[in-house]
Amino acid sequence: MNHNTPLPSASPVSPRPLRHLSEVHRRVLTAAQLRSHGVGSAETNEQCRPGGPWQQLLPGVFLLHPGPPTSEERLHAVLMYAAKERSAGVPAQPGAEEPHRTVYTEAMITGLAALTLHGFSATPPLTALDRIDVLVPRLRRLRSTGCAHIVRTASLPAPEQVTGLPLAPVPRALADAVTELTDADAVRRLLTEAVRAGHCEPASVVRALNNAKLLSRPHVVDAVDSLLAEGRAIAEDRLYTMVQEYGLPDPVWDVDLRLPGGPHLGGLDAYWPEQAVAVELDTRAPRQDDDALWSEYARKREHLERLGITVVHITPKKLRDAMEQQAAVVRTALMASGDRDPAAYVVVLPR
């Protein structure tokens with residue numbers, strides 16, 4: 001199979017030499033790119049005749065060899081089809097660091113294909129996908145065709161570049177994949193891997209699912225409950241690690257506080273009784289009851305601080321990305337306890 005079928009002889013226009021295109025782009029070109037090389041529509045149609053050396057993959061996108069396209073060729077073809085025309089598939093000028101790069105405007109790979117490219121193991125290989133989801137602005141005039149499945153959004157996220165391809169961030173790609181999945185186990189595997197493998201935090205996943213209006217589906221809600229439990233367990237492990245690695249004094253773990261003979265004050269993930277310092281992991285997820293849950297957090301914190309107890313809120317994301325900084329915040333609170341008035345006496349119970 002010849003993957004480098006030469007372009008036919010061009011008309012007297014000054015064609016752009018193919019050396020400005022990366023290897024994959026010698027094999028997949030748009031009609032506009034072919035015209036820039038002096039190849040008109042009549043010549044292109046002739047090359048794409050039955051049994052000819054080229055084939056049309058998608059409207060206006062051509063594969064310059066016979067036989068099935070590779071996964072990389074399909075991905076670039078879908079992006080070339082969906083990207084905004086003014087820069088669809090137009091190679092950037094070669095530079096020292098990026099000799100071959102194509103700019104795709106207002107289009108990015110999403111769904112299962114994006115998750116596979118992000119490194120997920122629970123998704124099918126690209127060769128097993130009959131279609132590739134591509135995210136575009138809502139008002140673009142495009143339709144799904146061939147292997148290109150158009151997904152629309154009111155606001156495009158900033159793409160993440162992987163092997164030169166623009167991908168939707170993991171939370172958005174997850175939401176677009178889950179939209180099409182009815183298998184509860186498959187949804188649970190995807191969400192669990194997203195958190196366990198460190199691709200993103202549970203809150204960002206739930207926010208994306210909520211924005212996609214998927215939290216009314218029972219099998220998605222069940223998977224989210226598992227995801228939040230998984231995320232809390234990981235955050236608790238990181239909190240233990242922070243205390244040990246940064247030499248903080250040992251707290252009492254996972255406790256309830258009560259006033260003597262009085263009301264329950266709330267549960268805490270870690271508490272230093274001598275210094276009256278508490279740590280609470282903020283593992284809220286943006287769901288319908290989020291405002292009520294935040295109000296509950298705030299009321300508890302205000303009540304404890306009126307009793308002289310310092311409450312440090314830490315998010316799982318901060319524990320993951322800035323553990324040393326969070327340890328310094330806790331250490332500062334512990335050191336400052338000597339400068340405060342003594343806290344009210346509270347009863348500490350295992351939670």
# chains A, B, ... in the order shown; residues from 1 in each chain; ligands from 1

$ select_by_dssp --residues "region 299-350 of chain A" --states "alpha helix (DSSP H)" --output "mmCIF file with all heavy atoms, in the first residue's frame"
data_model
loop_
_atom_site.group_PDB
_atom_site.id
_atom_site.type_symbol
_atom_site.label_atom_id
_atom_site.label_comp_id
_atom_site.auth_asym_id
_atom_site.auth_seq_id
_atom_site.Cartn_x
_atom_site.Cartn_y
_atom_site.Cartn_z
ATOM 1 N N ARG A 299 -22.569 26.908 58.587
ATOM 2 C CA ARG A 299 -23.125 27.002 59.943
ATOM 3 C C ARG A 299 -22.250 26.259 60.950
ATOM 4 O O ARG A 299 -21.981 26.757 62.044
ATOM 5 C CB ARG A 299 -24.549 26.420 59.960
ATOM 6 C CG ARG A 299 -25.617 27.371 59.455
ATOM 7 C CD ARG A 299 -27.006 26.897 59.855
ATOM 8 N NE ARG A 299 -27.284 25.557 59.340
ATOM 9 C CZ ARG A 299 -27.834 25.318 58.149
ATOM 10 N NH1 ARG A 299 -28.127 26.334 57.346
ATOM 11 N NH2 ARG A 299 -28.076 24.083 57.759
ATOM 12 N N LYS A 300 -21.805 25.058 60.569
ATOM 13 C CA LYS A 300 -20.972 24.272 61.475
ATOM 14 C C LYS A 300 -19.658 24.999 61.762
ATOM 15 O O LYS A 300 -19.214 25.089 62.899
ATOM 16 C CB LYS A 300 -20.694 22.889 60.874
ATOM 17 C CG LYS A 300 -19.792 22.016 61.753
ATOM 18 C CD LYS A 300 -19.755 20.569 61.271
ATOM 19 C CE LYS A 300 -19.059 20.421 59.952
ATOM 20 N NZ LYS A 300 -18.908 19.004 59.572
ATOM 21 N N ARG A 301 -19.051 25.533 60.703
ATOM 22 C CA ARG A 301 -17.768 26.226 60.874
ATOM 23 C C ARG A 301 -17.930 27.457 61.787
ATOM 24 O O ARG A 301 -17.110 27.676 62.693
ATOM 25 C CB ARG A 301 -17.233 26.648 59.513
ATOM 26 C CG ARG A 301 -15.898 27.356 59.567
ATOM 27 C CD ARG A 301 -15.365 27.584 58.174
ATOM 28 N NE ARG A 301 -14.032 28.156 58.197
ATOM 29 C CZ ARG A 301 -13.254 28.257 57.123
ATOM 30 N NH1 ARG A 301 -13.687 27.806 55.965
ATOM 31 N NH2 ARG A 301 -12.056 28.783 57.217
ATOM 32 N N GLU A 302 -18.973 28.226 61.552
ATOM 33 C CA GLU A 302 -19.186 29.427 62.383
ATOM 34 C C GLU A 302 -19.412 29.051 63.853
ATOM 35 O O GLU A 302 -18.887 29.700 64.758
ATOM 36 C CB GLU A 302 -20.390 30.218 61.849
ATOM 37 C CG GLU A 302 -20.113 30.924 60.527
ATOM 38 C CD GLU A 302 -21.384 31.488 59.899
ATOM 39 O OE1 GLU A 302 -22.444 31.417 60.571
ATOM 40 O OE2 GLU A 302 -21.304 31.961 58.756
ATOM 41 N N HIS A 303 -20.179 27.996 64.083
ATOM 42 C CA HIS A 303 -20.454 27.555 65.452
ATOM 43 C C HIS A 303 -19.167 27.131 66.150
ATOM 44 O O HIS A 303 -18.885 27.539 67.293
ATOM 45 C CB HIS A 303 -21.457 26.404 65.427
ATOM 46 C CG HIS A 303 -22.044 26.096 66.779
ATOM 47 N ND1 HIS A 303 -23.020 25.158 66.974
ATOM 48 C CD2 HIS A 303 -21.780 26.601 68.014
ATOM 49 C CE1 HIS A 303 -23.341 25.101 68.261
ATOM 50 N NE2 HIS A 303 -22.592 25.966 68.901
ATOM 51 N N LEU A 304 -18.351 26.330 65.464
ATOM 52 C CA LEU A 304 -17.095 25.861 66.057
ATOM 53 C C LEU A 304 -16.150 27.027 66.326
ATOM 54 O O LEU A 304 -15.480 27.072 67.368
ATOM 55 C CB LEU A 304 -16.433 24.829 65.138
ATOM 56 C CG LEU A 304 -17.149 23.472 65.017
ATOM 57 C CD1 LEU A 304 -16.463 22.602 63.969
ATOM 58 C CD2 LEU A 304 -17.174 22.754 66.362
ATOM 59 N N GLU A 305 -16.088 27.979 65.403
ATOM 60 C CA GLU A 305 -15.158 29.093 65.594
ATOM 61 C C GLU A 305 -15.623 30.018 66.721
ATOM 62 O O GLU A 305 -14.786 30.616 67.409
ATOM 63 C CB GLU A 305 -14.959 29.826 64.273
ATOM 64 C CG GLU A 305 -14.199 28.951 63.275
ATOM 65 C CD GLU A 305 -13.759 29.662 62.006
ATOM 66 O OE1 GLU A 305 -14.322 30.742 61.730
ATOM 67 O OE2 GLU A 305 -12.872 29.130 61.312
ATOM 68 N N ARG A 306 -16.946 30.109 66.943
ATOM 69 C CA ARG A 306 -17.412 30.866 68.106
ATOM 70 C C ARG A 306 -16.981 30.200 69.415
ATOM 71 O O ARG A 306 -16.802 30.875 70.434
ATOM 72 C CB ARG A 306 -18.944 30.983 68.072
ATOM 73 C CG ARG A 306 -19.457 32.045 67.115
ATOM 74 C CD ARG A 306 -20.890 32.466 67.447
ATOM 75 N NE ARG A 306 -21.810 31.335 67.418
ATOM 76 C CZ ARG A 306 -22.482 30.946 66.329
ATOM 77 N NH1 ARG A 306 -22.306 31.589 65.181
ATOM 78 N NH2 ARG A 306 -23.321 29.928 66.388
ATOM 79 N N PRO A 316 -10.061 18.192 48.042
ATOM 80 C CA PRO A 316 -9.230 17.113 47.494
ATOM 81 C C PRO A 316 -8.251 17.602 46.437
ATOM 82 O O PRO A 316 -7.123 17.110 46.352
ATOM 83 C CB PRO A 316 -10.274 16.153 46.900
ATOM 84 C CG PRO A 316 -11.500 16.389 47.723
ATOM 85 C CD PRO A 316 -11.496 17.865 48.021
ATOM 86 N N LYS A 317 -8.671 18.576 45.623
ATOM 87 C CA LYS A 317 -7.775 19.086 44.573
ATOM 88 C C LYS A 317 -6.545 19.750 45.172
ATOM 89 O O LYS A 317 -5.414 19.553 44.707
ATOM 90 C CB LYS A 317 -8.536 20.075 43.685
ATOM 91 C CG LYS A 317 -7.749 20.528 42.458
ATOM 92 C CD LYS A 317 -8.605 21.418 41.587
ATOM 93 C CE LYS A 317 -7.980 21.665 40.219
ATOM 94 N NZ LYS A 317 -6.584 22.105 40.258
ATOM 95 N N LYS A 318 -6.731 20.537 46.242
ATOM 96 C CA LYS A 318 -5.578 21.177 46.874
ATOM 97 C C LYS A 318 -4.665 20.150 47.523
ATOM 98 O O LYS A 318 -3.443 20.304 47.519
ATOM 99 C CB LYS A 318 -6.057 22.202 47.905
ATOM 100 C CG LYS A 318 -6.626 23.473 47.289
ATOM 101 C CD LYS A 318 -7.054 24.457 48.362
ATOM 102 C CE LYS A 318 -7.594 25.738 47.739
ATOM 103 N NZ LYS A 318 -8.081 26.676 48.785
ATOM 104 N N LEU A 319 -5.265 19.100 48.090
ATOM 105 C CA LEU A 319 -4.441 18.041 48.678
ATOM 106 C C LEU A 319 -3.606 17.353 47.610
ATOM 107 O O LEU A 319 -2.462 16.976 47.853
ATOM 108 C CB LEU A 319 -5.335 17.003 49.360
ATOM 109 C CG LEU A 319 -5.559 17.134 50.861
ATOM 110 C CD1 LEU A 319 -6.435 15.995 51.346
ATOM 111 C CD2 LEU A 319 -4.243 17.157 51.632
ATOM 112 N N ARG A 320 -4.186 17.188 46.429
ATOM 113 C CA ARG A 320 -3.463 16.509 45.355
ATOM 114 C C ARG A 320 -2.384 17.410 44.762
ATOM 115 O O ARG A 320 -1.250 16.972 44.543
ATOM 116 C CB ARG A 320 -4.444 16.094 44.246
ATOM 117 C CG ARG A 320 -3.794 15.321 43.110
ATOM 118 C CD ARG A 320 -4.749 15.107 41.949
ATOM 119 N NE ARG A 320 -5.000 16.358 41.231
ATOM 120 C CZ ARG A 320 -5.783 16.440 40.157
ATOM 121 N NH1 ARG A 320 -6.405 15.378 39.702
ATOM 122 N NH2 ARG A 320 -5.959 17.598 39.548
ATOM 123 N N ASP A 321 -2.728 18.666 44.505
ATOM 124 C CA ASP A 321 -1.840 19.538 43.740
ATOM 125 C C ASP A 321 -0.899 20.376 44.596
ATOM 126 O O ASP A 321 0.122 20.857 44.091
ATOM 127 C CB ASP A 321 -2.673 20.489 42.856
ATOM 128 C CG ASP A 321 -3.506 19.738 41.823
ATOM 129 O OD1 ASP A 321 -3.177 18.570 41.544
ATOM 130 O OD2 ASP A 321 -4.487 20.319 41.312
ATOM 131 N N MET A 323 0.007 19.767 48.322
ATOM 132 C CA MET A 323 -0.017 19.169 49.649
ATOM 133 C C MET A 323 0.898 19.914 50.624
ATOM 134 O O MET A 323 0.529 20.157 51.778
ATOM 135 C CB MET A 323 0.395 17.697 49.568
ATOM 136 C CG MET A 323 0.290 16.956 50.889
ATOM 137 S SD MET A 323 0.753 15.216 50.759
ATOM 138 C CE MET A 323 -0.688 14.548 49.928
ATOM 139 N N GLU A 324 2.075 20.308 50.168
ATOM 140 C CA GLU A 324 3.013 21.015 51.056
ATOM 141 C C GLU A 324 2.398 22.334 51.538
ATOM 142 O O GLU A 324 2.516 22.696 52.717
ATOM 143 C CB GLU A 324 4.325 21.273 50.324
ATOM 144 C CG GLU A 324 5.384 21.932 51.204
ATOM 145 C CD GLU A 324 6.711 22.086 50.491
ATOM 146 O OE1 GLU A 324 6.794 21.775 49.283
ATOM 147 O OE2 GLU A 324 7.677 22.526 51.150
ATOM 148 N N GLN A 325 1.738 23.039 50.648
ATOM 149 C CA GLN A 325 1.102 24.308 51.016
ATOM 150 C C GLN A 325 -0.009 24.080 52.039
ATOM 151 O O GLN A 325 -0.150 24.838 53.005
ATOM 152 C CB GLN A 325 0.532 24.974 49.758
ATOM 153 C CG GLN A 325 -0.126 26.314 50.026
ATOM 154 C CD GLN A 325 -0.838 26.845 48.793
ATOM 155 O OE1 GLN A 325 -1.491 26.087 48.067
ATOM 156 N NE2 GLN A 325 -0.712 28.141 48.555
ATOM 157 N N GLN A 326 -0.796 23.024 51.863
ATOM 158 C CA GLN A 326 -1.872 22.734 52.813
ATOM 159 C C GLN A 326 -1.309 22.337 54.167
ATOM 160 O O GLN A 326 -1.860 22.706 55.219
ATOM 161 C CB GLN A 326 -2.777 21.627 52.265
ATOM 162 C CG GLN A 326 -3.468 21.973 50.961
ATOM 163 C CD GLN A 326 -4.168 23.317 51.021
ATOM 164 O OE1 GLN A 326 -5.046 23.536 51.848
ATOM 165 N NE2 GLN A 326 -3.772 24.244 50.151
ATOM 166 N N ALA A 327 -0.196 21.609 54.169
ATOM 167 C CA ALA A 327 0.459 21.259 55.435
ATOM 168 C C ALA A 327 0.923 22.518 56.162
ATOM 169 O O ALA A 327 0.814 22.621 57.394
ATOM 170 C CB ALA A 327 1.635 20.326 55.170
ATOM 171 N N ALA A 328 1.420 23.501 55.396
ATOM 172 C CA ALA A 328 1.867 24.756 56.003
ATOM 173 C C ALA A 328 0.690 25.515 56.615
ATOM 174 O O ALA A 328 0.828 26.128 57.687
ATOM 175 C CB ALA A 328 2.573 25.620 54.958
ATOM 176 N N VAL A 329 -0.474 25.470 55.973
ATOM 177 C CA VAL A 329 -1.668 26.134 56.518
ATOM 178 C C VAL A 329 -2.050 25.507 57.853
ATOM 179 O O VAL A 329 -2.339 26.212 58.842
ATOM 180 C CB VAL A 329 -2.844 26.038 55.514
ATOM 181 C CG1 VAL A 329 -4.143 26.508 56.158
ATOM 182 C CG2 VAL A 329 -2.546 26.865 54.260
ATOM 183 N N VAL A 330 -2.054 24.175 57.913
ATOM 184 C CA VAL A 330 -2.408 23.490 59.155
ATOM 185 C C VAL A 330 -1.372 23.775 60.229
ATOM 186 O O VAL A 330 -1.708 24.059 61.387
ATOM 187 C CB VAL A 330 -2.554 21.973 58.909
ATOM 188 C CG1 VAL A 330 -2.784 21.235 60.234
ATOM 189 C CG2 VAL A 330 -3.704 21.694 57.943
ATOM 190 N N ARG A 331 -0.088 23.723 59.853
ATOM 191 C CA ARG A 331 0.986 23.976 60.840
ATOM 192 C C ARG A 331 0.859 25.400 61.411
ATOM 193 O O ARG A 331 1.029 25.617 62.622
ATOM 194 C CB ARG A 331 2.361 23.787 60.197
ATOM 195 C CG ARG A 331 3.521 23.988 61.187
ATOM 196 C CD ARG A 331 4.868 23.731 60.553
ATOM 197 N NE ARG A 331 5.071 22.317 60.300
ATOM 198 C CZ ARG A 331 5.060 21.757 59.107
ATOM 199 N NH1 ARG A 331 4.839 22.499 58.027
ATOM 200 N NH2 ARG A 331 5.255 20.467 58.965
ATOM 201 N N THR A 332 0.547 26.369 60.567
ATOM 202 C CA THR A 332 0.372 27.747 61.037
ATOM 203 C C THR A 332 -0.772 27.844 62.033
ATOM 204 O O THR A 332 -0.666 28.523 63.063
ATOM 205 C CB THR A 332 0.120 28.675 59.833
ATOM 206 O OG1 THR A 332 1.251 28.613 58.946
ATOM 207 C CG2 THR A 332 -0.092 30.115 60.286
ATOM 208 N N ALA A 333 -1.869 27.164 61.728
ATOM 209 C CA ALA A 333 -3.016 27.180 62.651
ATOM 210 C C ALA A 333 -2.657 26.545 63.992
ATOM 211 O O ALA A 333 -3.055 27.047 65.056
ATOM 212 C CB ALA A 333 -4.195 26.443 62.008
ATOM 213 N N LEU A 334 -1.886 25.466 63.958
ATOM 214 C CA LEU A 334 -1.470 24.808 65.207
ATOM 215 C C LEU A 334 -0.559 25.719 66.022
ATOM 216 O O LEU A 334 -0.703 25.850 67.250
ATOM 217 C CB LEU A 334 -0.762 23.487 64.894
ATOM 218 C CG LEU A 334 -1.627 22.376 64.286
ATOM 219 C CD1 LEU A 334 -0.761 21.219 63.802
ATOM 220 C CD2 LEU A 334 -2.655 21.879 65.295
ATOM 221 N N MET A 335 0.382 26.390 65.339
ATOM 222 C CA MET A 335 1.331 27.270 66.044
ATOM 223 C C MET A 335 0.626 28.495 66.613
ATOM 224 O O MET A 335 1.009 29.016 67.660
ATOM 225 C CB MET A 335 2.446 27.681 65.084
ATOM 226 C CG MET A 335 3.363 26.523 64.676
ATOM 227 S SD MET A 335 4.527 26.998 63.372
ATOM 228 C CE MET A 335 5.463 28.261 64.202
#

$ select_by_dssp --residues "region 166-293 of chain A" --states "strand (DSSP E or B)" --output "NGL selection string"
:A and (166-167 or 252-258 or 264-272 or 277-281)

$ atom_distance --atom1 "CA of Leu167 (chain A)" --atom2 "CA of Val151 (chain A)"
13.0 Å

$ closest_residue --among "A:Gln244, A:Ser121, A:Asn211, A:Ser144" --to "Leu190 (chain A)" --atoms "only C-alpha atoms"
A:Ser121

$ residues_around --residues "region 39-56 of chain A" --least-positions-apart "3" --cutoff "7 Å" --atoms "only C-alpha atoms" --output "VMD selection string"
chain A and resid 10 34 to 35 61 to 66

$ write_last_selection --atoms "N, CA, C and O atoms" --output "PDB file, in the first residue's frame"
ATOM      1  N   ALA A  10       0.112  19.636 -11.254  1.00  0.00           N
ATOM      2  CA  ALA A  10      -0.700  20.798 -10.884  1.00  0.00           C
ATOM      3  C   ALA A  10      -0.821  21.757 -12.050  1.00  0.00           C
ATOM      4  O   ALA A  10      -0.054  21.752 -12.980  1.00  0.00           O
ATOM      5  N   LEU A  34      -6.084  20.865  -1.081  1.00  0.00           N
ATOM      6  CA  LEU A  34      -5.746  20.378  -2.415  1.00  0.00           C
ATOM      7  C   LEU A  34      -5.716  21.524  -3.415  1.00  0.00           C
ATOM      8  O   LEU A  34      -4.819  21.609  -4.265  1.00  0.00           O
ATOM      9  N   ARG A  35      -6.693  22.436  -3.303  1.00  0.00           N
ATOM     10  CA  ARG A  35      -6.687  23.590  -4.214  1.00  0.00           C
ATOM     11  C   ARG A  35      -5.433  24.433  -4.016  1.00  0.00           C
ATOM     12  O   ARG A  35      -4.876  24.972  -4.977  1.00  0.00           O
ATOM     13  N   VAL A  61     -13.183  16.137   2.623  1.00  0.00           N
ATOM     14  CA  VAL A  61     -11.962  15.592   3.235  1.00  0.00           C
ATOM     15  C   VAL A  61     -11.587  14.310   2.502  1.00  0.00           C
ATOM     16  O   VAL A  61     -12.421  13.398   2.366  1.00  0.00           O
ATOM     17  N   PHE A  62     -10.316  14.228   2.072  1.00  0.00           N
ATOM     18  CA  PHE A  62      -9.892  13.152   1.183  1.00  0.00           C
ATOM     19  C   PHE A  62      -8.693  12.404   1.753  1.00  0.00           C
ATOM     20  O   PHE A  62      -7.802  12.998   2.374  1.00  0.00           O
ATOM     21  N   LEU A  63      -8.704  11.092   1.514  1.00  0.00           N
ATOM     22  CA  LEU A  63      -7.600  10.216   1.922  1.00  0.00           C
ATOM     23  C   LEU A  63      -6.789   9.891   0.678  1.00  0.00           C
ATOM     24  O   LEU A  63      -7.332   9.388  -0.305  1.00  0.00           O
ATOM     25  N   LEU A  64      -5.507  10.158   0.732  1.00  0.00           N
ATOM     26  CA  LEU A  64      -4.678  10.057  -0.467  1.00  0.00           C
ATOM     27  C   LEU A  64      -4.016   8.695  -0.593  1.00  0.00           C
ATOM     28  O   LEU A  64      -2.841   8.567  -0.981  1.00  0.00           O
ATOM     29  N   HIS A  65      -4.752   7.659  -0.233  1.00  0.00           N
ATOM     30  CA  HIS A  65      -4.306   6.299  -0.524  1.00  0.00           C
ATOM     31  C   HIS A  65      -5.520   5.383  -0.493  1.00  0.00           C
ATOM     32  O   HIS A  65      -6.520   5.703   0.147  1.00  0.00           O
ATOM     33  N   PRO A  66      -5.464   4.244  -1.170  1.00  0.00           N
ATOM     34  CA  PRO A  66      -6.574   3.288  -1.112  1.00  0.00           C
ATOM     35  C   PRO A  66      -6.527   2.514   0.203  1.00  0.00           C
ATOM     36  O   PRO A  66      -5.578   2.635   0.972  1.00  0.00           O
TER      37      PRO A  66
END

$ closest_residue --among "A:Leu228, A:Ala276, A:Ala336, A:Val103" --to "Leu307 (chain A)" --atoms "only C-alpha atoms"
A:Ala276
